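In what follows, a structure is listed as structure tokens, so that the remarks can point back to it.
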Amino acid sequence: MGILNLTPDSFYVASRVKEMDICVARCHAMLKDGAAIIDLGAQSTRPGSSLVSAEEEWRRLGPVLKELSHSFPEANFSIDTFYSFVAERAINCGASIINDVSGGEVDTRLFDCIASLKVPYILSHIKGTPQNMTQNTHYDDVTRDVVKNLSGKINRLHQLGCADIIIDPGFGFAKNTAQNFELLANLRQLEILEKPVLVGISRKSMIWKTLDVSANEALTGTIALNMMALERGASILRVHDVNEAKETILLYQQLAKYIPN
């Protein structure tokens with residue numbers, strides 16, 4: 001999954017795009033590099049970011065999605081949103097997946113919206129919102145608590161008729177650096193939920209803080225941890241750097257042929 005940020009304030013500056021021709025060119029490049037999904041986001045979810053209204057989010061997103069859907073009709077576009085208003089319009093405009101970092105907590109109508117749209121839904125773990133999540137990092141056991149939270153929401157979605165669910169443990173969302181590494185080490189425990197797992201650790205602070213570098217210098221660390229995520233059962237890697245992720249996946253697939261089941 002390649003990331004295309006339509007925001008002025010995402011944490012990784014190089015991922016921000018505004019001009020339409022750059023959006024099209026970057027989307028083309030990611031698809032050429034092997035992205036199976038392009039994830040469009042028009043609201044920053046970095047810690048402490050300002051909340052943007054659904055209307056403003058769609059104003060940023062709508063024209064770009066319309067253009068990309070026209071230019072790349074075979075591509076799969078996921079929409080990084082927690083608003084039912086945006087989700088419904090995006091699906092009607094050519095998107096095929098909703099990626100909700102809030103786990104249905106910001107807009108309580110979103111689960112019903114997903115059920116009516118009958119589209120794949122990426123269910124993430126978070127405590128609080130991006131605006132206050134750094135104050136919500138207490139867990140008795142981070143892996144167990146994440147599994148419990150996701151399990152309850154999966155049950156609610158199943159009751160609404162939603163079957164195509166992908167889970168995201170929410171690295172960096174209401175978790176400190178140590179908790180992120182603990183969760184990654186224990187990623188296999190999410191198999192009990194019987195859903196594909198998406199891992200989004202690309203250039204995040206768990207990498208650059210540990211290595212004492214910047215997000216711009218965190219590609220090597222991203223590659224290393226993405227390989228660990230694949231080894232621990234990740235099905236989708238959400239990344240800024242598609243070519244490097246694709247190479248990581250190909251190397252893991254080759255290695256996996258010789259790993260005993």
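Labels used: A, B, ... for chains in the order of the structure tokens, numbers from 1 for residues in each chain, and numbers from 1 for ligands as shown.
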Filtered DSSP result for segment 103-229 of chain A, state strand (DSSP E or B), as a list in words: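 Matching residues for strand (DSSP E or B) in segment 103-229 of chain A are Tyr121, Ile122, Leu123, Ser124, Ile165, Ile166, Ile167, Asp168, Val197, Leu198 and Val199 of chain A.
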May I have the residues from that selection written out with N, CA and C atoms, as a PDB file, in the first residue's frame?
ATOM      1  N   TYR A 121     -12.890  -2.854   4.755  1.00  0.00           N
ATOM      2  CA  TYR A 121     -12.701  -1.830   5.792  1.00  0.00           C
ATOM      3  C   TYR A 121     -11.463  -2.173   6.606  1.00  0.00           C
ATOM      4  N   ILE A 122     -10.580  -1.205   6.753  1.00  0.00           N
ATOM      5  CA  ILE A 122      -9.386  -1.380   7.577  1.00  0.00           C
ATOM      6  C   ILE A 122      -9.679  -0.809   8.954  1.00  0.00           C
ATOM      7  N   LEU A 123      -9.734  -1.695   9.923  1.00  0.00           N
ATOM      8  CA  LEU A 123     -10.067  -1.361  11.310  1.00  0.00           C
ATOM      9  C   LEU A 123      -8.782  -1.199  12.107  1.00  0.00           C
ATOM     10  N   SER A 124      -8.550  -0.021  12.626  1.00  0.00           N
ATOM     11  CA  SER A 124      -7.320   0.268  13.364  1.00  0.00           C
ATOM     12  C   SER A 124      -7.567   0.371  14.858  1.00  0.00           C
ATOM     13  N   ILE A 165     -12.848  -7.447   6.465  1.00  0.00           N
ATOM     14  CA  ILE A 165     -12.189  -6.579   7.441  1.00  0.00           C
ATOM     15  C   ILE A 165     -10.694  -6.878   7.477  1.00  0.00           C
ATOM     16  N   ILE A 166      -9.901  -5.835   7.446  1.00  0.00           N
ATOM     17  CA  ILE A 166      -8.449  -5.905   7.623  1.00  0.00           C
ATOM     18  C   ILE A 166      -8.140  -5.197   8.932  1.00  0.00           C
ATOM     19  N   ILE A 167      -7.220  -5.731   9.717  1.00  0.00           N
ATOM     20  CA  ILE A 167      -6.912  -5.100  10.997  1.00  0.00           C
ATOM     21  C   ILE A 167      -5.537  -4.440  10.976  1.00  0.00           C
ATOM     22  N   ASP A 168      -5.463  -3.311  11.648  1.00  0.00           N
ATOM     23  CA  ASP A 168      -4.234  -2.538  11.786  1.00  0.00           C
ATOM     24  C   ASP A 168      -4.018  -2.294  13.272  1.00  0.00           C
ATOM     25  N   VAL A 197      -3.602  -8.694   8.383  1.00  0.00           N
ATOM     26  CA  VAL A 197      -3.010  -7.645   9.212  1.00  0.00           C
ATOM     27  C   VAL A 197      -2.258  -6.646   8.333  1.00  0.00           C
ATOM     28  N   LEU A 198      -2.582  -5.367   8.491  1.00  0.00           N
ATOM     29  CA  LEU A 198      -1.849  -4.285   7.846  1.00  0.00           C
ATOM     30  C   LEU A 198      -0.885  -3.688   8.856  1.00  0.00           C
ATOM     31  N   VAL A 199       0.346  -3.468   8.433  1.00  0.00           N
ATOM     32  CA  VAL A 199       1.347  -2.837   9.294  1.00  0.00           C
ATOM     33  C   VAL A 199       1.786  -1.526   8.658  1.00  0.00           C
TER      34      VAL A 199
END
Go through segment 161-187 of chain A residue by residue and, counting only C-alpha atoms, keep those with an atom at most 8 Å from segment 143-147 of chain A; for each kept residue give the shortest atom pair and its distance in Å to one decimal, ordered by chain and increasing number, as a tab-separated table.
residue	atom	partner	partner_atom	distance
A:Pro169	CA	A:Val146	CA	6.7
A:Glu182	CA	A:Thr143	CA	7.6
A:Leu183	CA	A:Thr143	CA	5.5
A:Asn186	CA	A:Thr143	CA	6.8
A:Leu187	CA	A:Thr143	CA	7.9
Next, write the just-selected residues to a file, as an mmCIF file, in the first residue's frame, keeping C-alpha atoms as the atom set.
data_model
loop_
_atom_site.group_PDB
_atom_site.id
_atom_site.type_symbol
_atom_site.label_atom_id
_atom_site.label_comp_id
_atom_site.auth_asym_id
_atom_site.auth_seq_id
_atom_site.Cartn_x
_atom_site.Cartn_y
_atom_site.Cartn_z
ATOM 1 C CA PRO A 169 -2.718 -2.658 15.297
ATOM 2 C CA GLU A 182 6.560 -4.986 21.933
ATOM 3 C CA LEU A 183 3.500 -5.044 19.693
ATOM 4 C CA ASN A 186 4.068 -10.105 19.378
ATOM 5 C CA LEU A 187 2.327 -9.520 16.040
#
DSSP-assigned alpha helix (DSSP H) members of segment 42-218 of chain A, reported as a ChimeraX atom specification: /A:54-71,84-92,110-117,142-159,177-185,205-211
Best match for closeness to Gly221 of chain A among A:Phe85, A:Tyr139, A:Trp208, A:Trp58, counting only C-alpha atoms: A:Trp208
Nearby residues (only C-alpha atoms) at most 10 Å from segment 22-31 of chain A, same-chain spacing under 5 positions excluded, as a list in words: Met1, Gly2, Ile3, Leu4, Asn5, Leu6, Ser15, Arg16, Val17, Ala36, Ile37, Ile38, Asp39, Leu40, Val64, Leu65, Glu67, Leu68, Ser71, Phe72, Ala75, Asn76, His240, Asp241, Val242 and Asn243 of chain A
Residue subset to file, keeping C-alpha atoms, as an mmCIF file, in the first residue's frame:
data_model
loop_
_atom_site.group_PDB
_atom_site.id
_atom_site.type_symbol
_atom_site.label_atom_id
_atom_site.label_comp_id
_atom_site.auth_asym_id
_atom_site.auth_seq_id
_atom_site.Cartn_x
_atom_site.Cartn_y
_atom_site.Cartn_z
ATOM 1 C CA MET A 1 0.000 0.000 0.000
ATOM 2 C CA GLY A 2 1.547 3.251 -1.179
ATOM 3 C CA ILE A 3 0.829 6.455 0.733
ATOM 4 C CA LEU A 4 -0.328 9.603 -1.065
ATOM 5 C CA ASN A 5 -0.800 12.478 1.389
ATOM 6 C CA LEU A 6 -2.995 15.372 0.290
ATOM 7 C CA SER A 15 5.098 12.655 1.278
ATOM 8 C CA ARG A 16 3.001 15.831 1.028
ATOM 9 C CA VAL A 17 1.580 16.670 -2.402
ATOM 10 C CA ALA A 36 -1.346 -3.035 -5.041
ATOM 11 C CA ILE A 37 -3.254 -0.254 -3.244
ATOM 12 C CA ILE A 38 -2.886 3.536 -3.216
ATOM 13 C CA ASP A 39 -3.950 5.066 0.111
ATOM 14 C CA LEU A 40 -5.214 8.652 -0.204
ATOM 15 C CA VAL A 64 -7.741 14.233 -6.753
ATOM 16 C CA LEU A 65 -9.650 10.973 -6.364
ATOM 17 C CA GLU A 67 -8.678 12.477 -11.511
ATOM 18 C CA LEU A 68 -6.769 9.410 -10.307
ATOM 19 C CA SER A 71 -6.284 8.120 -15.048
ATOM 20 C CA PHE A 72 -5.807 4.719 -13.407
ATOM 21 C CA ALA A 75 -6.005 0.770 -9.545
ATOM 22 C CA ASN A 76 -7.324 0.058 -6.044
ATOM 23 C CA HIS A 240 5.984 5.828 1.640
ATOM 24 C CA ASP A 241 8.638 3.988 -0.402
ATOM 25 C CA VAL A 242 6.945 1.394 -2.586
ATOM 26 C CA ASN A 243 9.925 0.066 -4.553
#
Non-local contacts of segment 247-259 of chain A (8 Å; only C-alpha atoms; under 4 positions in same chain excluded) as an MDAnalysis selection string: chainID A and resid 223 226:227 230:231 243
Pull C-alpha atoms from the residues just selected and write them as a compact mmCIF listing (two decimals), in the first residue's frame.
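Result file is out_19.txt:
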# COMPACT_ATOMS: atom_id res chain seq x y z
CA ILE A 223 12.95 -1.78 5.56
CA ASN A 226 8.97 -4.30 7.55
CA MET A 227 10.90 -7.55 7.07
CA LEU A 230 6.33 -9.94 7.23
CA GLU A 231 8.02 -12.68 9.23
CA ASN A 243 9.93 0.07 -4.55
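Neighbouring residues of Pro120 of chain A at 8 Å or closer, counting only C-alpha atoms and skipping chain neighbours under 4 positions away, are Ser96, Ile97, Ile98, Ala163, Asp164, Ile165 and Ile166 of chain A.
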Residue selection dump (C-alpha atoms) as a PDB file, in the first residue's frame:
ATOM      1  CA  SER A  96     -12.766   0.661  -3.127  1.00  0.00           C
ATOM      2  CA  ILE A  97     -11.459   0.498   0.476  1.00  0.00           C
ATOM      3  CA  ILE A  98     -11.953   2.622   3.607  1.00  0.00           C
ATOM      4  CA  ALA A 163     -17.194  -9.461   6.512  1.00  0.00           C
ATOM      5  CA  ASP A 164     -14.245  -7.999   4.577  1.00  0.00           C
ATOM      6  CA  ILE A 165     -12.189  -6.579   7.441  1.00  0.00           C
ATOM      7  CA  ILE A 166      -8.449  -5.905   7.623  1.00  0.00           C
TER       8      ILE A 166
END
Pick from A:Gln179, A:Thr137, A:Ser53, A:Ser151, whichever lies nearest to Val106 of chain A using only C-alpha atoms: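 Of A:Gln179, A:Thr137, A:Ser53, A:Ser151, the one nearest Val106 of chain A, counting only C-alpha atoms, is A:Ser53.
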Who sits within 7 Å of Gly200 of chain A, only C-alpha atoms, same chain under 4 positions skipped, as number ranges by chain: A: 171, 237-239
For atom CA of Ala245 of chain A and atom CA of Asn216 of chain A, the interatomic separation in Å (one decimal):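 Interatomic distance here is 16.0 Å.
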Interatomic distance, atom CA of Leu157 of chain A to atom CA of Ile114 of chain A (Å, one decimal):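 These atoms are spaced 8.7 Å apart.
Taking only C-alpha atoms into account, Glu105 of chain A lies nearest to A:Ser84 out of the set A:Thr7, A:Ser50, A:Ser84, A:Ser214.
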Distance of atom CA of Ser202 of chain A from atom CA of Glu244 of chain A, expressed in Å to one decimal place: 11.1 Å
